[in-house]
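**Q** To be precise about what I am sending: the file is called query-v3.cif and holds mmCIF, C-alpha atoms.
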data_work
#
loop_
_atom_site.label_atom_id
_atom_site.label_comp_id
_atom_site.auth_asym_id
_atom_site.auth_seq_id
_atom_site.Cartn_x
_atom_site.Cartn_y
_atom_site.Cartn_z
CA MET A 1 86.42 68.27 18.62
CA SER A 2 87.34 64.84 19.94
CA ASN A 3 91.09 64.67 19.63
CA ARG A 4 93.22 63.71 22.63
CA TYR A 5 93.80 67.36 23.56
CA SER A 6 90.16 68.44 23.31
CA ARG A 7 89.68 69.16 27.04
CA GLN A 8 92.81 71.27 27.15
CA GLU A 9 91.93 73.04 23.91
CA LEU A 10 88.50 73.97 25.27
CA PHE A 11 90.29 75.78 28.06
CA LEU A 12 93.30 77.28 26.25
CA GLY A 13 91.92 77.77 22.73
CA SER A 14 93.07 76.27 19.45
CA LYS A 15 95.86 78.78 18.87
CA ALA A 16 97.50 77.99 22.20
CA GLN A 17 97.13 74.28 21.52
CA ALA A 18 98.84 74.73 18.17
CA ASN A 19 101.68 76.60 19.91
CA ILE A 20 102.03 73.76 22.40
CA ASN A 21 102.16 71.18 19.62
CA GLU A 22 104.94 73.16 17.94
CA ALA A 23 106.98 74.05 21.01
CA SER A 24 110.13 72.36 22.21
CA VAL A 25 110.80 72.30 25.92
CA ILE A 26 113.88 71.08 27.75
CA ILE A 27 113.73 69.81 31.32
CA ILE A 28 116.99 69.92 33.24
CA GLY A 29 116.89 66.90 35.54
CA ALA A 30 114.61 63.86 35.55
CA GLY A 31 114.24 63.27 39.26
CA ALA A 32 111.07 64.11 41.16
CA LEU A 33 110.30 67.53 39.64
CA GLY A 34 111.51 66.41 36.23
CA SER A 35 109.30 63.31 36.22
CA ALA A 36 106.23 65.29 37.18
CA SER A 37 106.92 68.07 34.66
CA ALA A 38 107.74 65.69 31.83
CA GLU A 39 104.54 63.72 32.28
CA MET A 40 102.40 66.87 32.25
CA LEU A 41 104.11 68.28 29.15
CA VAL A 42 103.90 65.01 27.25
CA ARG A 43 100.21 64.60 28.05
CA ALA A 44 99.67 68.23 26.99
CA GLY A 45 101.16 67.42 23.59
CA ILE A 46 104.35 69.43 23.63
CA GLY A 47 105.99 69.07 20.20
CA VAL A 48 109.49 68.16 21.32
CA LEU A 49 110.56 67.32 24.85
CA THR A 50 114.22 67.03 25.80
CA VAL A 51 115.16 65.41 29.10
CA VAL A 52 118.67 65.60 30.54
CA ASP A 53 119.73 63.68 33.62
CA ARG A 54 122.99 62.37 35.08
CA ASP A 55 121.65 59.70 37.40
CA TYR A 56 120.22 56.18 37.22
CA VAL A 57 117.08 54.86 38.92
CA ASP A 58 117.46 53.93 42.59
CA LEU A 59 114.93 52.26 44.89
CA THR A 60 114.70 55.38 47.08
CA ASN A 61 113.52 57.37 44.03
CA LEU A 62 110.27 55.43 43.59
CA GLN A 63 108.47 57.17 46.48
CA ARG A 64 108.22 60.38 44.44
CA GLN A 65 109.66 59.99 40.94
CA GLN A 66 106.53 59.02 39.10
CA LEU A 67 107.98 57.84 35.78
CA TYR A 68 110.00 54.96 37.24
CA THR A 69 109.27 51.39 38.24
CA GLU A 70 110.85 48.57 40.24
CA GLU A 71 111.99 47.08 36.95
CA ASP A 72 113.97 50.23 36.16
CA VAL A 73 115.66 49.87 39.56
CA SER A 74 116.68 46.25 38.94
CA ASN A 75 117.96 47.13 35.48
CA GLN A 76 119.81 50.16 36.90
CA LEU A 77 118.60 52.19 33.96
CA PRO A 78 119.72 55.77 33.58
CA LYS A 79 116.78 58.03 34.41
CA ALA A 80 116.90 59.73 31.01
CA ILE A 81 116.43 56.35 29.26
CA ALA A 82 113.73 55.07 31.63
CA ALA A 83 111.92 58.42 31.35
CA LYS A 84 111.93 58.36 27.55
CA THR A 85 110.52 54.81 27.47
CA ARG A 86 107.68 55.69 29.83
CA LEU A 87 106.93 59.04 28.17
CA GLU A 88 106.67 57.39 24.76
CA GLN A 89 104.13 54.96 26.18
CA ILE A 90 102.06 57.92 27.32
CA ASN A 91 102.23 59.83 24.04
CA SER A 92 103.75 58.32 20.92
CA GLU A 93 102.91 61.36 18.79
CA ILE A 94 105.64 63.60 20.08
CA THR A 95 109.42 63.62 19.89
CA ILE A 96 111.34 62.86 23.04
CA ASN A 97 115.09 63.42 23.20
CA CYS A 98 117.07 62.16 26.13
CA PHE A 99 120.63 62.80 27.25
CA ILE A 100 122.51 60.96 29.99
CA GLU A 101 124.62 63.90 30.97
CA ASP A 102 125.61 65.99 33.88
CA VAL A 103 124.66 69.56 33.09
CA ASN A 104 127.57 71.93 33.51
CA GLY A 105 128.77 75.28 32.27
CA LEU A 106 130.38 73.73 29.21
CA ASN A 107 127.48 71.70 27.80
CA ILE A 108 124.40 73.68 28.82
CA GLU A 109 124.41 76.05 25.84
CA GLU A 110 124.49 73.19 23.35
CA LEU A 111 121.73 71.35 25.24
CA ILE A 112 119.26 74.26 25.33
CA LYS A 113 119.82 75.31 21.71
CA GLY A 114 116.59 75.41 19.70
CA HIS A 115 114.24 75.10 22.68
CA SER A 116 111.44 77.55 23.42
CA VAL A 117 111.30 77.08 27.20
CA ILE A 118 113.58 75.61 29.89
CA VAL A 119 112.14 73.93 32.99
CA ASP A 120 114.30 73.64 36.10
CA ALA A 121 114.27 70.24 37.78
CA THR A 122 117.80 70.12 39.12
CA ASP A 123 118.50 68.98 42.65
CA ASN A 124 121.05 71.63 43.46
CA PHE A 125 121.23 75.36 43.35
CA GLU A 126 124.56 75.64 41.57
CA THR A 127 123.18 73.91 38.49
CA SER A 128 120.15 76.22 38.49
CA LEU A 129 122.53 79.18 38.35
CA ILE A 130 124.39 77.64 35.41
CA VAL A 131 121.10 77.15 33.57
CA ASN A 132 120.08 80.71 34.47
CA ASP A 133 123.26 82.06 32.84
CA ALA A 134 122.68 80.09 29.65
CA ALA A 135 118.95 80.90 29.52
CA VAL A 136 119.57 84.64 29.82
CA LYS A 137 122.45 84.56 27.32
CA HIS A 138 120.27 82.82 24.72
CA GLY A 139 117.02 84.64 25.57
CA ILE A 140 115.03 81.53 26.49
CA PRO A 141 112.45 81.69 29.33
CA PHE A 142 113.56 79.63 32.33
CA LEU A 143 111.14 78.41 34.99
CA PHE A 144 112.96 77.93 38.26
CA GLY A 145 111.59 75.44 40.77
CA ALA A 146 112.92 73.65 43.82
CA CYS A 147 111.54 71.73 46.79
CA VAL A 148 112.60 69.91 49.95
CA GLY A 149 110.61 68.64 52.90
CA SER A 150 107.09 69.95 52.44
CA TYR A 151 108.27 73.28 51.04
CA GLY A 152 108.68 74.39 47.44
CA LEU A 153 109.22 77.57 45.47
CA THR A 154 109.01 78.75 41.88
CA TYR A 155 110.10 81.78 39.93
CA PRO A 156 109.86 82.58 36.19
CA ILE A 157 112.91 84.13 34.52
CA ILE A 158 111.96 85.94 31.33
CA PRO A 159 115.21 87.25 29.78
CA GLY A 160 115.14 90.99 29.13
CA GLU A 161 112.12 91.48 31.37
CA THR A 162 112.26 89.97 34.84
CA PRO A 163 115.20 90.00 37.24
CA CYS A 164 117.16 86.78 36.73
CA LEU A 165 117.96 84.20 39.38
CA HIS A 166 121.37 85.75 39.89
CA CYS A 167 119.81 89.16 40.65
CA LEU A 168 117.94 87.56 43.52
CA LEU A 169 121.07 86.32 45.25
CA ASN A 170 124.15 87.98 46.57
CA TYR A 171 126.23 84.91 46.98
CA LEU A 172 126.30 81.21 46.21
CA PRO A 173 124.20 79.25 48.65
CA MET A 174 125.91 77.28 51.35
CA ASP A 175 124.86 73.68 51.65
CA GLY A 176 122.66 72.18 54.32
CA MET A 177 119.59 72.51 52.17
CA THR A 178 119.31 69.37 50.11
CA CYS A 179 117.13 66.36 50.75
CA ASP A 180 119.76 64.29 52.57
CA THR A 181 119.16 66.27 55.72
CA VAL A 182 115.46 66.98 55.44
CA GLY A 183 113.72 64.39 53.28
CA VAL A 184 110.84 65.21 50.97
CA ILE A 185 107.20 64.20 50.53
CA SER A 186 105.75 63.74 47.07
CA PRO A 187 102.78 66.19 47.23
CA ILE A 188 105.13 69.19 47.31
CA VAL A 189 106.86 67.84 44.21
CA GLN A 190 103.53 67.74 42.40
CA ILE A 191 102.59 71.27 43.47
CA THR A 192 105.95 72.78 42.55
CA ALA A 193 105.99 71.09 39.15
CA ALA A 194 102.34 72.04 38.58
CA LEU A 195 103.17 75.71 39.12
CA GLN A 196 106.14 75.50 36.74
CA ILE A 197 104.14 73.75 34.01
CA THR A 198 101.26 76.19 34.39
CA GLN A 199 103.81 78.89 33.59
CA VAL A 200 104.96 76.94 30.51
CA LEU A 201 101.36 76.76 29.29
CA GLN A 202 100.90 80.47 30.00
CA ILE A 203 104.03 81.40 28.02
CA LEU A 204 102.89 79.25 25.10
CA SER A 205 99.43 80.84 25.30
CA GLY A 206 100.93 84.31 25.01
CA GLU A 207 100.18 85.34 28.59
CA THR A 208 102.52 87.76 30.37
CA LEU A 209 104.37 86.34 33.36
CA PHE A 210 105.22 88.67 36.20
CA PRO A 211 108.39 88.49 38.33
CA ILE A 212 106.70 86.87 41.29
CA LEU A 213 108.61 84.59 43.59
CA GLN A 214 106.19 82.12 45.07
CA SER A 215 106.58 79.61 47.88
CA MET A 216 104.39 77.19 49.74
CA ASP A 217 104.63 74.77 52.59
CA ILE A 218 102.02 72.10 52.09
CA TRP A 219 102.42 70.62 55.58
CA LYS A 220 102.05 73.92 57.41
CA ASN A 221 99.58 75.22 54.84
CA GLU A 222 101.56 78.43 54.30
CA LYS A 223 101.97 80.44 51.13
CA ALA A 224 104.02 83.48 50.26
CA GLU A 225 104.38 85.67 47.19
CA ILE A 226 106.87 88.47 46.60
CA ASN A 227 107.04 90.67 43.53
CA VAL A 228 110.80 91.03 43.01
CA THR A 229 110.80 93.68 40.26
CA GLN A 230 112.92 96.01 42.43
CA LEU A 231 115.73 93.42 42.66
CA LYS A 232 116.60 93.76 38.95
CA ASN A 233 120.29 94.59 39.08
CA LYS A 234 121.81 96.71 36.32
CA LEU A 235 125.23 95.38 37.28
CA CYS A 236 124.15 91.73 37.42
CA PRO A 237 126.93 89.57 35.91
CA THR A 238 124.26 87.43 34.24
CA CYS A 239 121.60 89.84 32.97
CA GLY A 240 123.06 93.30 33.57
CA GLU A 241 124.42 95.83 31.07
CA HIS A 242 127.81 94.12 30.79
CA PRO A 243 127.13 90.44 31.34
CA SER A 244 129.95 87.93 31.76
CA HIS A 245 127.81 84.80 32.44
CA PRO A 246 130.23 83.63 35.11
CA PHE A 247 128.67 80.23 35.74
CA LEU A 248 129.34 79.13 32.19
CA SER A 249 133.07 79.25 32.87
CA PHE A 250 133.31 78.94 36.65
CA GLU A 251 131.87 75.49 36.26
CA ASN A 252 135.16 74.33 34.71
CA GLN A 253 136.50 73.91 38.19
CA MET A 254 133.71 71.77 39.56
CA LYS A 255 134.22 68.06 39.31
CA THR A 256 132.71 66.39 42.35
CA ASP A 257 129.25 66.52 43.86
CA VAL A 258 127.99 64.85 46.99
CA LEU A 259 124.64 63.34 45.95
CA CYS A 260 121.43 64.08 47.75
CA GLY A 261 120.66 61.46 50.44
CA ARG A 262 122.61 58.70 48.77
CA ASP A 263 125.89 58.42 50.71
CA ALA A 264 127.49 58.85 47.33
CA VAL A 265 129.69 61.22 45.38
CA GLN A 266 129.59 61.93 41.69
CA LEU A 267 132.82 62.54 39.80
CA ARG A 268 132.83 64.14 36.42
CA PRO A 269 135.86 64.34 34.20
CA GLY A 270 136.88 67.86 33.22
CA LEU A 271 137.76 69.03 29.77
CA GLY A 272 139.05 66.52 27.24
CA ARG A 273 136.46 63.85 27.86
CA ARG A 274 136.72 60.44 26.27
CA THR A 275 134.45 57.46 25.67
CA TYR A 276 135.24 54.25 27.52
CA SER A 277 134.50 50.72 26.35
CA LEU A 278 132.64 49.30 29.32
CA PRO A 279 133.04 45.59 28.35
CA HIS A 280 136.78 46.21 28.09
CA LEU A 281 136.82 47.92 31.47
CA LEU A 282 134.95 45.04 33.08
CA GLU A 283 137.33 42.52 31.54
CA ARG A 284 140.30 44.32 33.05
CA LEU A 285 138.60 44.71 36.42
CA GLU A 286 137.09 41.23 36.58
CA SER A 287 139.18 39.88 39.45
CA HIS A 288 138.98 43.09 41.47
CA VAL A 289 135.21 43.60 41.56
CA LYS A 290 132.11 41.78 42.76
CA ASN A 291 128.51 41.63 41.51
CA PRO A 292 129.12 43.48 38.26
CA VAL A 293 126.11 44.65 36.26
CA LEU A 294 126.86 45.79 32.74
CA ASN A 295 124.40 47.39 30.35
CA GLN A 296 124.94 49.56 27.32
CA TYR A 297 125.10 52.72 29.39
CA LEU A 298 127.00 51.89 32.55
CA LEU A 299 128.99 49.40 34.58
CA SER A 300 127.98 48.95 38.21
CA CYS A 301 130.07 46.84 40.56
CA LYS A 302 131.42 46.43 44.06
CA PHE A 303 135.01 47.67 44.25
CA GLU A 304 136.87 47.60 47.57
CA ASP A 305 134.25 48.77 50.10
CA TYR A 306 132.38 50.88 47.57
CA ARG A 307 129.83 50.41 44.86
CA VAL A 308 131.05 52.13 41.73
CA VAL A 309 128.70 53.05 38.92
CA PHE A 310 130.76 54.01 35.91
CA PHE A 311 129.28 55.65 32.81
CA LYS A 312 130.64 55.48 29.26
CA ASP A 313 131.73 59.12 29.31
CA GLY A 314 134.01 58.56 32.29
CA ARG A 315 131.60 59.94 34.84
CA ALA A 316 131.16 57.84 37.97
CA ILE A 317 129.05 57.69 41.09
CA ILE A 318 130.86 56.23 44.08
CA HIS A 319 128.58 54.85 46.81
CA GLY A 320 129.69 54.37 50.38
CA THR A 321 131.27 57.74 50.95
CA ASN A 322 130.23 61.34 51.42
CA GLU A 323 133.68 62.73 50.91
CA ALA A 324 134.72 64.15 47.58
CA LYS A 325 138.40 63.59 48.30
CA ASN A 326 137.91 59.94 49.21
CA ALA A 327 135.69 59.37 46.16
CA ARG A 328 138.32 60.88 43.91
CA ALA A 329 140.93 58.46 45.25
CA VAL A 330 138.60 55.47 44.71
CA TYR A 331 137.90 56.67 41.18
CA ASN A 332 141.61 56.88 40.38
CA ARG A 333 142.30 53.39 41.75
CA PHE A 334 139.32 52.07 39.75
CA ILE A 335 140.19 53.65 36.43
CA GLN A 336 143.87 52.69 36.51
CA PHE A 337 142.78 49.21 35.38
CA TYR A 338 141.51 50.52 32.06
CA MET B 1 103.48 92.17 68.99
CA SER B 2 101.65 90.28 66.32
CA ILE B 3 102.36 90.30 62.59
CA THR B 4 101.00 88.52 59.56
CA LEU B 5 103.69 86.14 58.34
CA ASN B 6 103.17 84.33 55.05
CA GLY B 7 99.45 84.85 55.35
CA LYS B 8 99.13 83.71 58.96
CA SER B 9 98.83 85.78 62.11
CA VAL B 10 101.70 85.10 64.52
CA ASP B 11 102.55 86.48 67.94
CA LEU B 12 106.23 87.28 68.24
CA ARG B 13 107.85 86.64 71.57
CA GLU B 14 109.75 89.38 73.33
CA GLY B 15 113.17 90.06 71.89
CA VAL B 16 112.10 89.56 68.30
CA ASN B 17 112.03 93.14 67.04
CA THR B 18 114.10 93.28 63.86
CA VAL B 19 114.22 91.39 60.60
CA GLU B 20 117.49 89.80 61.69
CA GLN B 21 115.94 88.56 64.92
CA LEU B 22 112.90 87.28 63.05
CA LEU B 23 115.06 85.27 60.62
CA SER B 24 117.08 83.87 63.48
CA HIS B 25 113.87 82.94 65.34
CA TYR B 26 112.84 80.82 62.35
CA HIS B 27 116.39 79.43 61.87
CA LEU B 28 116.70 81.15 58.51
CA GLU B 29 119.74 83.30 59.33
CA ASN B 30 122.08 81.23 57.17
CA ARG B 31 119.68 80.81 54.27
CA ILE B 32 119.20 82.77 51.13
CA VAL B 33 115.99 84.62 51.86
CA ILE B 34 113.94 87.41 50.41
CA VAL B 35 111.99 89.40 52.95
CA GLU B 36 109.11 91.73 52.17
CA ILE B 37 107.41 93.99 54.70
CA ASN B 38 104.18 95.69 53.70
CA LYS B 39 104.97 95.07 50.01
CA GLU B 40 108.51 96.53 50.18
CA ILE B 41 111.51 94.20 49.87
CA VAL B 42 114.01 94.70 52.69
CA MET B 43 117.59 94.80 51.47
CA LYS B 44 120.00 92.44 53.22
CA GLU B 45 122.13 95.22 54.66
CA ASN B 46 119.08 96.57 56.51
CA TYR B 47 118.12 93.35 58.31
CA LYS B 48 119.84 94.47 61.51
CA THR B 49 118.27 97.91 61.65
CA MET B 50 114.82 97.29 60.16
CA SER B 51 112.33 97.13 63.01
CA LEU B 52 109.07 95.27 62.92
CA SER B 53 105.86 96.93 63.97
CA HIS B 54 102.62 95.49 65.25
CA GLY B 55 100.36 94.59 62.32
CA ASP B 56 103.14 94.36 59.72
CA VAL B 57 102.43 92.09 56.77
CA VAL B 58 105.62 90.09 56.28
CA GLU B 59 106.45 87.60 53.56
CA ILE B 60 109.59 85.48 53.81
CA ILE B 61 110.69 83.17 51.02
CA HIS B 62 113.82 81.09 51.41
CA PHE B 63 115.65 79.23 48.70
CA VAL B 64 116.21 75.51 48.75
CA GLY B 65 118.16 73.29 46.42
CA GLY B 66 116.22 70.05 45.96
CA GLY B 67 114.08 68.69 43.24
#
Starting from the coordinates I provided, produce the structure as structure tokens.

**A**
Amino acid sequence: MSNRYSRQELFLGSKAQANINEASVIIIGAGALGSASAEMLVRAGIGVLTVVDRDYVDLTNLQRQQLYTEEDVSNQLPKAIAAKTRLEQINSEITINCFIEDVNGLNIEELIKGHSVIVDATDNFETSLIVNDAAVKHGIPFLFGACVGSYGLTYPIIPGETPCLHCLLNYLPMDGMTCDTVGVISPIVQITAALQITQVLQILSGETLFPILQSMDIWKNEKAEINVTQLKNKLCPTCGEHPSHPFLSFENQMKTDVLCGRDAVQLRPGLGRRTYSLPHLLERLESHVKNPVLNQYLLSCKFEDYRVVFFKDGRAIIHGTNEAKNARAVYNRFIQFY
Amino acid sequence: MSITLNGKSVDLREGVNTVEQLLSHYHLENRIVIVEINKEIVMKENYKTMSLSHGDVVEIIHFVGGG
């Protein structure tokens, strides 16, 4: 046995390896956790890997987002594209799909269709709850993970068996818990992703996962584990007896996000999306912007006092503000030139 | 009083007697947390009234939103 997976196969067995080679996994987010998870899955020989991410590579990402390089930063490549290129260098035998998209309640069901496992690598709790709704509705195991500072936590959601993420919470989290206030060190990213991917390998090996919420602080050297079986809620709007999957429709309302540690706001068009011609947009904007960078995915330029990164689907990231309202006004002034 | 918190022995200062006071001591009062005492999860509505006892084994996990 001398194939590229031989060391793994010695540990897991040939049946599990065959399952891995046939499985399709989707990772929601290609930031720090997503990079780490994607690399592990690709090296393990997952059959199909789908990566979804809304962002492009920024210099401040390189400290912990292992798939990206300085070249990706200068080319302002979307993370999904840069990730696919790097992952294909690591393993050319598998299929890698990538989507430059912002996951929301309207597109998540289409994205996860046909996948055997979903790995959480989002940078905000609201998106995790949207994915949780879709995962439970379609009966696909969902491995929650999150980290900030030196602290991370994981929890496996097995639809029909474990309590879901929604059961564990009574209300939507307030903010004040993203990396713009606390920062993050890369070892906790690796540990959190390692726990999530171990759970993927266990699922694909036919092992039973238990509803154990697990956390660790790598700086303080603290660990905690809680079996949350008793939190399964019969009336849960996501996994209860009469589910309504509220995050799949609630999300309609959400159009702006303040981005983690970036002094930037993302704006996403609502229903009725369109595709923009970026060369046309740049032509119209030419005399109003400075330092434009145009590639096939996005237009980045200085507009007024802001840097605007505009994607083909009408989504934009406005740098230089932390205020959704302000960003919305800049967006409207920018797009009126089209 | 001393308790075992997330696997470590800690001495609680005076005035920290309930789950609510413990969360506030660790600045977790506004977080989404799950608290377990001696293998039983404490429901949110009982944080105020649930007293801690010397030797309790307490696990606290709070949710964060980064990744």

**Q** I need the residue set behind the PyMOL selection byres ((chain B) within 6 of (chain A)) for this file; please write it as a list in words.

**A**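 Expected selection for the PyMOL selection byres ((chain B) within 6 of (chain A)) here is Asn6, Glu59, Val64, Gly65, Gly66 and Gly67 of chain B.
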
**Q** Tell me, in Å to one decimal, how far CA of Ala135 in chain A is from CA of Ala18 in chain A.

**A**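 Interatomic distance here is 23.9 Å.
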
**Q** Between CA of Ile191 in chain A and CA of His138 in chain A, what is the distance, to one decimal in Å?

**A**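 Atom-to-atom, CA of Ile191 in chain A and CA of His138 in chain A are spaced 28.2 Å apart.
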
**Q** Can you turn the PyMOL selection byres ((chain A and resi 156-160) around 6) into a concrete residue list for this file, as a ChimeraX atom specification?

**A** /A:136,139,141-144,155,161-162,164

**Q** Restricting the output to C-alpha atoms, write the selected residues as a PDB file, in the frame of the given file.

**A**
ATOM      1  CA  VAL A 136     119.570  84.640  29.820  1.00  0.00           C
ATOM      2  CA  GLY A 139     117.020  84.640  25.570  1.00  0.00           C
ATOM      3  CA  PRO A 141     112.450  81.690  29.330  1.00  0.00           C
ATOM      4  CA  PHE A 142     113.560  79.630  32.330  1.00  0.00           C
ATOM      5  CA  LEU A 143     111.140  78.410  34.990  1.00  0.00           C
ATOM      6  CA  PHE A 144     112.960  77.930  38.260  1.00  0.00           C
ATOM      7  CA  TYR A 155     110.100  81.780  39.930  1.00  0.00           C
ATOM      8  CA  GLU A 161     112.120  91.480  31.370  1.00  0.00           C
ATOM      9  CA  THR A 162     112.260  89.970  34.840  1.00  0.00           C
ATOM     10  CA  CYS A 164     117.160  86.780  36.730  1.00  0.00           C
TER      11      CYS A 164
END

**Q** Using the chain letters and numbers from this file, what does the PyMOL selection byres ((chain A and resi 105-111) around 9) select? Give the answer as a tab-separated table (two decimals) with C-alpha atoms, keeping the file's coordinate frame.

**A**
chain	number	residue	atom	x	y	z
A	26	ILE	CA	113.88	71.08	27.75
A	50	THR	CA	114.22	67.03	25.80
A	52	VAL	CA	118.67	65.60	30.54
A	99	PHE	CA	120.63	62.80	27.25
A	101	GLU	CA	124.62	63.90	30.97
A	102	ASP	CA	125.61	65.99	33.88
A	103	VAL	CA	124.66	69.56	33.09
A	104	ASN	CA	127.57	71.93	33.51
A	112	ILE	CA	119.26	74.26	25.33
A	113	LYS	CA	119.82	75.31	21.71
A	114	GLY	CA	116.59	75.41	19.70
A	115	HIS	CA	114.24	75.10	22.68
A	127	THR	CA	123.18	73.91	38.49
A	130	ILE	CA	124.39	77.64	35.41
A	131	VAL	CA	121.10	77.15	33.57
A	133	ASP	CA	123.26	82.06	32.84
A	134	ALA	CA	122.68	80.09	29.65
A	135	ALA	CA	118.95	80.90	29.52
A	137	LYS	CA	122.45	84.56	27.32
A	138	HIS	CA	120.27	82.82	24.72
A	246	PRO	CA	130.23	83.63	35.11
A	247	PHE	CA	128.67	80.23	35.74
A	248	LEU	CA	129.34	79.13	32.19
A	249	SER	CA	133.07	79.25	32.87
A	250	PHE	CA	133.31	78.94	36.65
A	251	GLU	CA	131.87	75.49	36.26
A	252	ASN	CA	135.16	74.33	34.71
A	271	LEU	CA	137.76	69.03	29.77

**Q** With a distance cut-off of 10 Å and all atoms listed in the file, select the neighbouring residues of His25 in chain B, excluding the residue or stretch itself and same-chain residues fewer than 2 positions from it, and output the selection as a list in words.

**A** Leu12, Arg13, Gly15, Val16, Val19, Glu20, Gln21, Leu22, Leu23, His27, Leu28 and Glu29 of chain B

**Q** Excluding same-chain residues fewer than 5 positions from Gly47 in chain A, what lies within 7 Å of it counting only C-alpha atoms, as an NGL selection string?

**A** :A and (20-24 or 94-95)

**Q** Go through A:Lys79, A:His245, A:Lys84, A:Lys234 and flag the residue nearest Leu129 in chain A, using only C-alpha atoms for the distances.

**A**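 So, comparing all the options, the nearest one is A:His245.
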
**Q** Measuring between only C-alpha atoms, which one of A:Gly261, A:Pro211, A:Pro78, A:Gly206 shows the shortest distance to Thr321 in chain A?

**A**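 For Thr321 in chain A, the nearest of the given residues is A:Gly261.
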
**Q** Which value, in Å to one decimal, gives the distance between CA of Leu165 in chain A and CA of Lys48 in chain B?

**A**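 So the two atoms, CA of Leu165 in chain A and CA of Lys48 in chain B, lie 24.5 Å apart.
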
**Q** Which residue is closest to Leu52 in chain B? Choose from B:Ile37, B:Asn30, B:Asp11, B:Ser24 and count only C-alpha atoms.

**A**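 When distances to Leu52 in chain B are compared using only C-alpha atoms, the smallest one comes from B:Ile37.
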
**Q** Show me, as a ChimeraX atom specification, the residues that have an atom within 10 Å of Met43 in chain B when counting all atoms listed in the file, minus same-chain residues fewer than 5 positions from it.

**A** /A:231 /B:34-36,50

**Q** Could you turn the residues from that selection into a file that holds C-alpha atoms, as a PDB file, in the coordinates of the input?

**A**
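Ended up saving to part_2.pdb:
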ATOM      1  CA  LEU A 231     115.730  93.420  42.660  1.00  0.00           C
TER       2      LEU A 231
ATOM      3  CA  ILE B  34     113.940  87.410  50.410  1.00  0.00           C
ATOM      4  CA  VAL B  35     111.990  89.400  52.950  1.00  0.00           C
ATOM      5  CA  GLU B  36     109.110  91.730  52.170  1.00  0.00           C
ATOM      6  CA  MET B  50     114.820  97.290  60.160  1.00  0.00           C
TER       7      MET B  50
END

**Q** Since the input lacks atoms, please generate N, CA, C and O atoms for range 305-315 of chain A and provide them as an mmCIF file, keeping the file's coordinate frame.

**A**
data_model
loop_
_atom_site.group_PDB
_atom_site.id
_atom_site.type_symbol
_atom_site.label_atom_id
_atom_site.label_comp_id
_atom_site.auth_asym_id
_atom_site.auth_seq_id
_atom_site.Cartn_x
_atom_site.Cartn_y
_atom_site.Cartn_z
ATOM 1 N N ASP A 305 135.450 48.691 49.258
ATOM 2 C CA ASP A 305 134.250 48.770 50.100
ATOM 3 C C ASP A 305 133.153 49.628 49.475
ATOM 4 O O ASP A 305 132.206 50.033 50.140
ATOM 5 N N TYR A 306 133.293 49.925 48.209
ATOM 6 C CA TYR A 306 132.380 50.880 47.570
ATOM 7 C C TYR A 306 131.616 50.224 46.433
ATOM 8 O O TYR A 306 132.066 49.246 45.861
ATOM 9 N N ARG A 307 130.476 50.796 46.109
ATOM 10 C CA ARG A 307 129.830 50.410 44.860
ATOM 11 C C ARG A 307 130.118 51.532 43.855
ATOM 12 O O ARG A 307 129.847 52.704 44.132
ATOM 13 N N VAL A 308 130.675 51.149 42.733
ATOM 14 C CA VAL A 308 131.050 52.130 41.730
ATOM 15 C C VAL A 308 130.117 51.969 40.529
ATOM 16 O O VAL A 308 129.933 50.859 40.029
ATOM 17 N N VAL A 309 129.512 53.059 40.133
ATOM 18 C CA VAL A 309 128.700 53.050 38.920
ATOM 19 C C VAL A 309 129.417 53.941 37.915
ATOM 20 O O VAL A 309 129.567 55.148 38.134
ATOM 21 N N PHE A 310 129.885 53.307 36.853
ATOM 22 C CA PHE A 310 130.760 54.010 35.910
ATOM 23 C C PHE A 310 130.062 54.164 34.564
ATOM 24 O O PHE A 310 129.609 53.186 33.965
ATOM 25 N N PHE A 311 129.961 55.384 34.083
ATOM 26 C CA PHE A 311 129.280 55.650 32.810
ATOM 27 C C PHE A 311 130.295 55.717 31.664
ATOM 28 O O PHE A 311 131.467 55.982 31.886
ATOM 29 N N LYS A 312 129.789 55.503 30.458
ATOM 30 C CA LYS A 312 130.640 55.480 29.260
ATOM 31 C C LYS A 312 131.514 56.717 29.095
ATOM 32 O O LYS A 312 132.607 56.654 28.556
ATOM 33 N N ASP A 313 130.988 57.869 29.532
ATOM 34 C CA ASP A 313 131.730 59.120 29.310
ATOM 35 C C ASP A 313 132.763 59.388 30.410
ATOM 36 O O ASP A 313 133.338 60.475 30.467
ATOM 37 N N GLY A 314 132.984 58.400 31.276
ATOM 38 C CA GLY A 314 134.010 58.560 32.290
ATOM 39 C C GLY A 314 133.484 59.103 33.603
ATOM 40 O O GLY A 314 134.199 59.187 34.605
ATOM 41 N N ARG A 315 132.208 59.456 33.609
ATOM 42 C CA ARG A 315 131.600 59.940 34.840
ATOM 43 C C ARG A 315 131.351 58.750 35.744
ATOM 44 O O ARG A 315 131.108 57.638 35.272
#
